[in-house]
Amino acid sequence: MALVRSLLFLPASNARAIEKARTLDADVVVLDLEDAVAPESKAEGRRAAVDAIRTGGFAKRIAVRVNALGTEWGEDDLAALADLRLDFVIAPKVEEPGIIDAYGARMPEGTGLVAMIETPQALMALPAIAGAGEPLAGLMLGVNDLAKALGTGNSRDREPLKPWLAATVAAARAHDLLAIDGVFNRLEDADGLTAECAQGRLYGFDGKSLIHPNQIEAAHAAFSPTPDEIATAEAIVAGFAAPDAEGRGAIRVNGAMVERLHLDQARALLDRAAACR
C-alpha cells in the first residue's frame with residue numbers, strides 16, 4: 001500500500017503555491033479544483049493543474065481533487081486529466097457506490113480514486129462505497145462538510161465525529177484501501193495539530209489531509225513508526241526467528257505474550273518504517 005502520511009491541498013490556480021509545493025516533502029501534493037477555486041476561476045485552475053502536472057518536478061506523488069461529477073465542471077475536469085500521469089484523483093461528496101465506475105471510466109489508466117466521505121448519505125452507504133472495487137484506492141473523511149451537514153457542535157477532540165472516524169477506517173480496512181483523516185483548520189495551534197494527528201494514528205488512519213506546508217512535519221511524525229515501535233517490532237521478529245520458537249503460536253517478548261498475528265503486525269510496521277526512510 002502506498003505511503004500516504006500527508007496530502008497537502010493547494011489551489012490549482014495559485015502558481016506560487018504550486019512552485020513552492022515542488023520543494024516540499026509531502027507524500028502527496030493535491031492540486032485542488034473544487035473548494036479552493038472560485039466558480040469564475042474554474043477553467044483557469046483546470047489549465048494550471050494540467051500545466052503543473054505536465055511540467056512535473058514534485059518530490060513524490062501528485063493528485064487532483066476534481067469538481068464532482070454532476071456539477072457543471074466535473075466532466076471537463078476529468079476530460080482535461082484523461083491523458084496525464086498522476087497518482088490519485090480525489091472525488092468530493094461521494095454518496096453511492098455506482099459513481100465509482102463513472103469516475104473510473106473517465107480517469108487516466110492506473111490512477112487511483114480517493115472518495116471523500118463528507119455527507120450523512122455517504123455515512124449510510126459507507127460499506128457499499130468501500131466495496132465498489134477499482135479504481136477506488138482510498139477513503140478520505142471530509143470533516144468540515146460532514147460536521148456542517150450533521151450539525152455538530154464544536155469539540156477540540158472531535159467527539160461528535162468519533163464514530164465516523166472509526167467507521168471510515170473499518171470500511172477502508174475491509175477492502176484494503178487507504179484511510180485518510182480530514183483537515184485541521186487551526187493554523188496557529190501546533191499542539192492541537194499534534195494531538196489530532198496522534199488521534200488519527202490511534203484510530204488507524206494512514207495519513208492526514210493538510211492545508212498548509214507547516215503541517216507536514218507533524219503529520220509525518222504521527223504517521224511514521226516511532227523508535228520504540230520499531231525496536232519492539234524488531235524484538236518480535238527476532239523472537240519468532242529463534243530456534244526455540246519454531247512451531248510455537250505464542251512466545252514471550254519483553255515481558256509480554258505475543259502471537260503470530262503480532263508477528264504479522266511487526267513485519268508490516270518494519271516495512272512502513274523502511275518506506276518512511
# chains A, B, ... in the order shown; residues from 1 in each chain; ligands from 1
call {"tool": "closest_atom_pairs", "arguments": {"of": "region 94-188 of chain A", "to": "region 20-41 of chain A", "cutoff": "12 Å", "atoms": "only C-alpha atoms", "output": "JSON lines"}}
result
{"residue": "A:Val114", "atom": "CA", "partner": "A:Val30", "partner_atom": "CA", "distance": 11.4}
{"residue": "A:Gly142", "atom": "CA", "partner": "A:Asp35", "partner_atom": "CA", "distance": 11.7}
{"residue": "A:Asn144", "atom": "CA", "partner": "A:Asp35", "partner_atom": "CA", "distance": 11.5}
{"residue": "A:Asp145", "atom": "CA", "partner": "A:Asp35", "partner_atom": "CA", "distance": 10.8}
{"residue": "A:Ile180", "atom": "CA", "partner": "A:Val28", "partner_atom": "CA", "distance": 11.7}
call {"tool": "select_by_dssp", "arguments": {"residues": "region 47-132 of chain A", "states": "strand (DSSP E)", "output": "list of chain:residue names"}}
result
A:Arg61, A:Ile62, A:Ala63, A:Val64, A:Arg65, A:Phe88, A:Val89, A:Ile90, A:Ala91, A:Gly112, A:Leu113, A:Val114, A:Ala115, A:Met116, A:Ile117
call {"tool": "write_last_selection", "arguments": {"atoms": "C-alpha atoms", "output": "tab-separated table (two decimals), in the first residue's frame"}}
result
chain	number	residue	atom	x	y	z
A	61	ARG	CA	3.12	11.83	-5.67
A	62	ILE	CA	0.65	14.16	-7.37
A	63	ALA	CA	-3.15	14.19	-7.15
A	64	VAL	CA	-6.03	16.38	-8.28
A	65	ARG	CA	-9.27	16.99	-6.44
A	88	PHE	CA	-4.73	9.93	-7.49
A	89	VAL	CA	-7.95	11.65	-8.41
A	90	ILE	CA	-9.88	12.81	-5.36
A	91	ALA	CA	-13.65	12.84	-5.76
A	112	GLY	CA	-6.30	5.55	-8.03
A	113	LEU	CA	-9.53	7.19	-6.90
A	114	VAL	CA	-9.90	8.55	-3.38
A	115	ALA	CA	-13.54	9.00	-2.38
A	116	MET	CA	-14.34	11.80	0.04
A	117	ILE	CA	-16.83	10.84	2.75
call {"tool": "residues_around", "arguments": {"residues": "Glu134 (chain A)", "least_positions_apart": "4", "cutoff": "8 Å", "atoms": "only C-alpha atoms", "output": "PyMOL selection string"}}
result
chain A and resi 100-101+104+112
call {"tool": "atom_distance", "arguments": {"atom1": "CA of Pro120 (chain A)", "atom2": "CA of Leu141 (chain A)"}}
result
11.7 Å
call {"tool": "select_by_dssp", "arguments": {"residues": "region 71-276 of chain A", "states": "helix (DSSP H, G or I)", "output": "PyMOL selection string"}}
result
chain A and resi 74-81+98-104+120-124+126-130+143-150+159-174+190-203+213-222+227-241+243-245+260-276
call {"tool": "residues_around", "arguments": {"residues": "Cys197 (chain A)", "least_positions_apart": "5", "cutoff": "8 Å", "atoms": "only C-alpha atoms", "output": "JSON, numbers by chain"}}
result
{"A": [208, 218, 219, 222, 223]}
call {"tool": "decode", "arguments": {"residues": "region 116-153 of chain A", "atoms": "N, CA, C and O atoms", "output": "short mmCIF file (atom, residue, chain, number, x, y, z; two decimals), in the first residue's frame"}}
result
data_model
loop_
_atom_site.label_atom_id
_atom_site.label_comp_id
_atom_site.auth_asym_id
_atom_site.auth_seq_id
_atom_site.Cartn_x
_atom_site.Cartn_y
_atom_site.Cartn_z
N MET A 116 -14.14 11.00 -1.16
CA MET A 116 -14.34 11.80 0.04
C MET A 116 -15.70 11.47 0.66
O MET A 116 -16.73 11.48 0.00
N ILE A 117 -15.65 11.18 1.96
CA ILE A 117 -16.83 10.84 2.75
C ILE A 117 -17.16 12.07 3.58
O ILE A 117 -16.48 12.37 4.57
N GLU A 118 -18.18 12.81 3.17
CA GLU A 118 -18.42 14.10 3.82
C GLU A 118 -19.90 14.48 3.92
O GLU A 118 -20.21 15.66 4.16
N THR A 119 -20.80 13.52 3.78
CA THR A 119 -22.23 13.79 3.95
C THR A 119 -22.88 12.65 4.74
O THR A 119 -22.35 11.53 4.75
N PRO A 120 -24.03 12.89 5.37
CA PRO A 120 -24.74 11.79 6.04
C PRO A 120 -25.10 10.66 5.08
O PRO A 120 -25.05 9.49 5.46
N GLN A 121 -25.42 10.99 3.83
CA GLN A 121 -25.74 9.95 2.85
C GLN A 121 -24.54 9.03 2.64
O GLN A 121 -24.68 7.81 2.52
N ALA A 122 -23.35 9.61 2.60
CA ALA A 122 -22.14 8.80 2.42
C ALA A 122 -21.93 7.89 3.62
O ALA A 122 -21.52 6.73 3.47
N LEU A 123 -22.18 8.40 4.82
CA LEU A 123 -22.01 7.57 6.01
C LEU A 123 -22.92 6.35 5.97
O LEU A 123 -22.52 5.24 6.32
N MET A 124 -24.15 6.54 5.53
CA MET A 124 -25.10 5.44 5.48
C MET A 124 -24.73 4.42 4.40
O MET A 124 -25.08 3.24 4.49
N ALA A 125 -23.99 4.86 3.38
CA ALA A 125 -23.60 3.97 2.28
C ALA A 125 -22.14 3.56 2.36
O ALA A 125 -21.62 2.98 1.42
N LEU A 126 -21.48 3.82 3.48
CA LEU A 126 -20.04 3.63 3.58
C LEU A 126 -19.57 2.22 3.21
O LEU A 126 -18.64 2.06 2.41
N PRO A 127 -20.18 1.16 3.73
CA PRO A 127 -19.71 -0.19 3.35
C PRO A 127 -19.83 -0.45 1.85
O PRO A 127 -18.93 -1.06 1.25
N ALA A 128 -20.91 0.01 1.24
CA ALA A 128 -21.09 -0.21 -0.20
C ALA A 128 -20.10 0.59 -1.01
O ALA A 128 -19.56 0.11 -2.01
N ILE A 129 -19.84 1.82 -0.61
CA ILE A 129 -18.85 2.64 -1.32
C ILE A 129 -17.48 1.99 -1.24
O ILE A 129 -16.78 1.85 -2.25
N ALA A 130 -17.08 1.57 -0.05
CA ALA A 130 -15.77 0.96 0.13
C ALA A 130 -15.61 -0.32 -0.68
O ALA A 130 -14.50 -0.67 -1.09
N GLY A 131 -16.72 -1.01 -0.93
CA GLY A 131 -16.66 -2.25 -1.67
C GLY A 131 -16.88 -2.10 -3.16
O GLY A 131 -17.06 -3.10 -3.86
N ALA A 132 -16.82 -0.88 -3.66
CA ALA A 132 -17.15 -0.64 -5.07
C ALA A 132 -16.09 -1.20 -6.03
O ALA A 132 -16.37 -1.40 -7.20
N GLY A 133 -14.89 -1.44 -5.56
CA GLY A 133 -13.85 -2.00 -6.42
C GLY A 133 -13.07 -0.94 -7.17
O GLY A 133 -13.21 0.26 -6.93
N GLU A 134 -12.22 -1.40 -8.11
CA GLU A 134 -11.36 -0.48 -8.86
C GLU A 134 -12.18 0.55 -9.61
O GLU A 134 -13.28 0.25 -10.06
N PRO A 135 -11.63 1.77 -9.71
CA PRO A 135 -10.28 2.21 -9.33
C PRO A 135 -10.18 2.75 -7.90
O PRO A 135 -9.21 3.46 -7.60
N LEU A 136 -11.15 2.43 -7.04
CA LEU A 136 -11.13 3.00 -5.69
C LEU A 136 -9.86 2.56 -4.96
O LEU A 136 -9.58 1.37 -4.85
N ALA A 137 -9.12 3.55 -4.44
CA ALA A 137 -7.87 3.28 -3.73
C ALA A 137 -7.90 3.75 -2.29
O ALA A 137 -7.06 3.34 -1.49
N GLY A 138 -8.86 4.62 -1.94
CA GLY A 138 -8.87 5.13 -0.58
C GLY A 138 -10.15 5.87 -0.25
O GLY A 138 -10.93 6.25 -1.13
N LEU A 139 -10.34 6.06 1.06
CA LEU A 139 -11.44 6.85 1.60
C LEU A 139 -10.83 8.01 2.39
O LEU A 139 -9.89 7.82 3.15
N MET A 140 -11.37 9.19 2.20
CA MET A 140 -10.91 10.38 2.91
C MET A 140 -12.10 11.02 3.61
O MET A 140 -13.11 11.30 2.98
N LEU A 141 -11.97 11.25 4.90
CA LEU A 141 -13.05 11.85 5.66
C LEU A 141 -13.01 13.36 5.49
O LEU A 141 -12.00 14.01 5.80
N GLY A 142 -14.10 13.94 4.97
CA GLY A 142 -14.22 15.38 4.82
C GLY A 142 -14.88 15.97 6.05
O GLY A 142 -16.09 16.15 6.10
N VAL A 143 -14.07 16.27 7.06
CA VAL A 143 -14.61 16.58 8.38
C VAL A 143 -15.37 17.90 8.43
O VAL A 143 -16.35 18.02 9.17
N ASN A 144 -14.96 18.90 7.67
CA ASN A 144 -15.65 20.19 7.72
C ASN A 144 -17.06 20.08 7.17
O ASN A 144 -18.04 20.51 7.81
N ASP A 145 -17.19 19.53 5.97
CA ASP A 145 -18.52 19.38 5.37
C ASP A 145 -19.38 18.43 6.18
O ASP A 145 -20.59 18.63 6.32
N LEU A 146 -18.76 17.37 6.72
CA LEU A 146 -19.52 16.40 7.48
C LEU A 146 -20.06 17.02 8.77
O LEU A 146 -21.24 16.83 9.11
N ALA A 147 -19.22 17.76 9.47
CA ALA A 147 -19.68 18.40 10.71
C ALA A 147 -20.80 19.39 10.43
O ALA A 147 -21.79 19.47 11.17
N LYS A 148 -20.69 20.12 9.33
CA LYS A 148 -21.74 21.06 8.95
C LYS A 148 -23.04 20.33 8.65
O LYS A 148 -24.12 20.72 9.11
N ALA A 149 -22.94 19.25 7.87
CA ALA A 149 -24.15 18.52 7.48
C ALA A 149 -24.82 17.85 8.67
O ALA A 149 -26.05 17.76 8.75
N LEU A 150 -24.01 17.37 9.63
CA LEU A 150 -24.57 16.71 10.81
C LEU A 150 -25.06 17.71 11.84
O LEU A 150 -25.85 17.35 12.72
N GLY A 151 -24.60 18.95 11.75
CA GLY A 151 -25.00 19.95 12.74
C GLY A 151 -24.33 19.78 14.08
O GLY A 151 -24.90 20.14 15.12
N THR A 152 -23.09 19.25 14.08
CA THR A 152 -22.41 19.00 15.34
C THR A 152 -21.92 20.30 15.97
O THR A 152 -21.67 21.29 15.29
N GLY A 153 -21.74 20.26 17.28
CA GLY A 153 -21.14 21.38 17.98
C GLY A 153 -19.62 21.32 17.88
O GLY A 153 -19.04 20.35 17.38
#
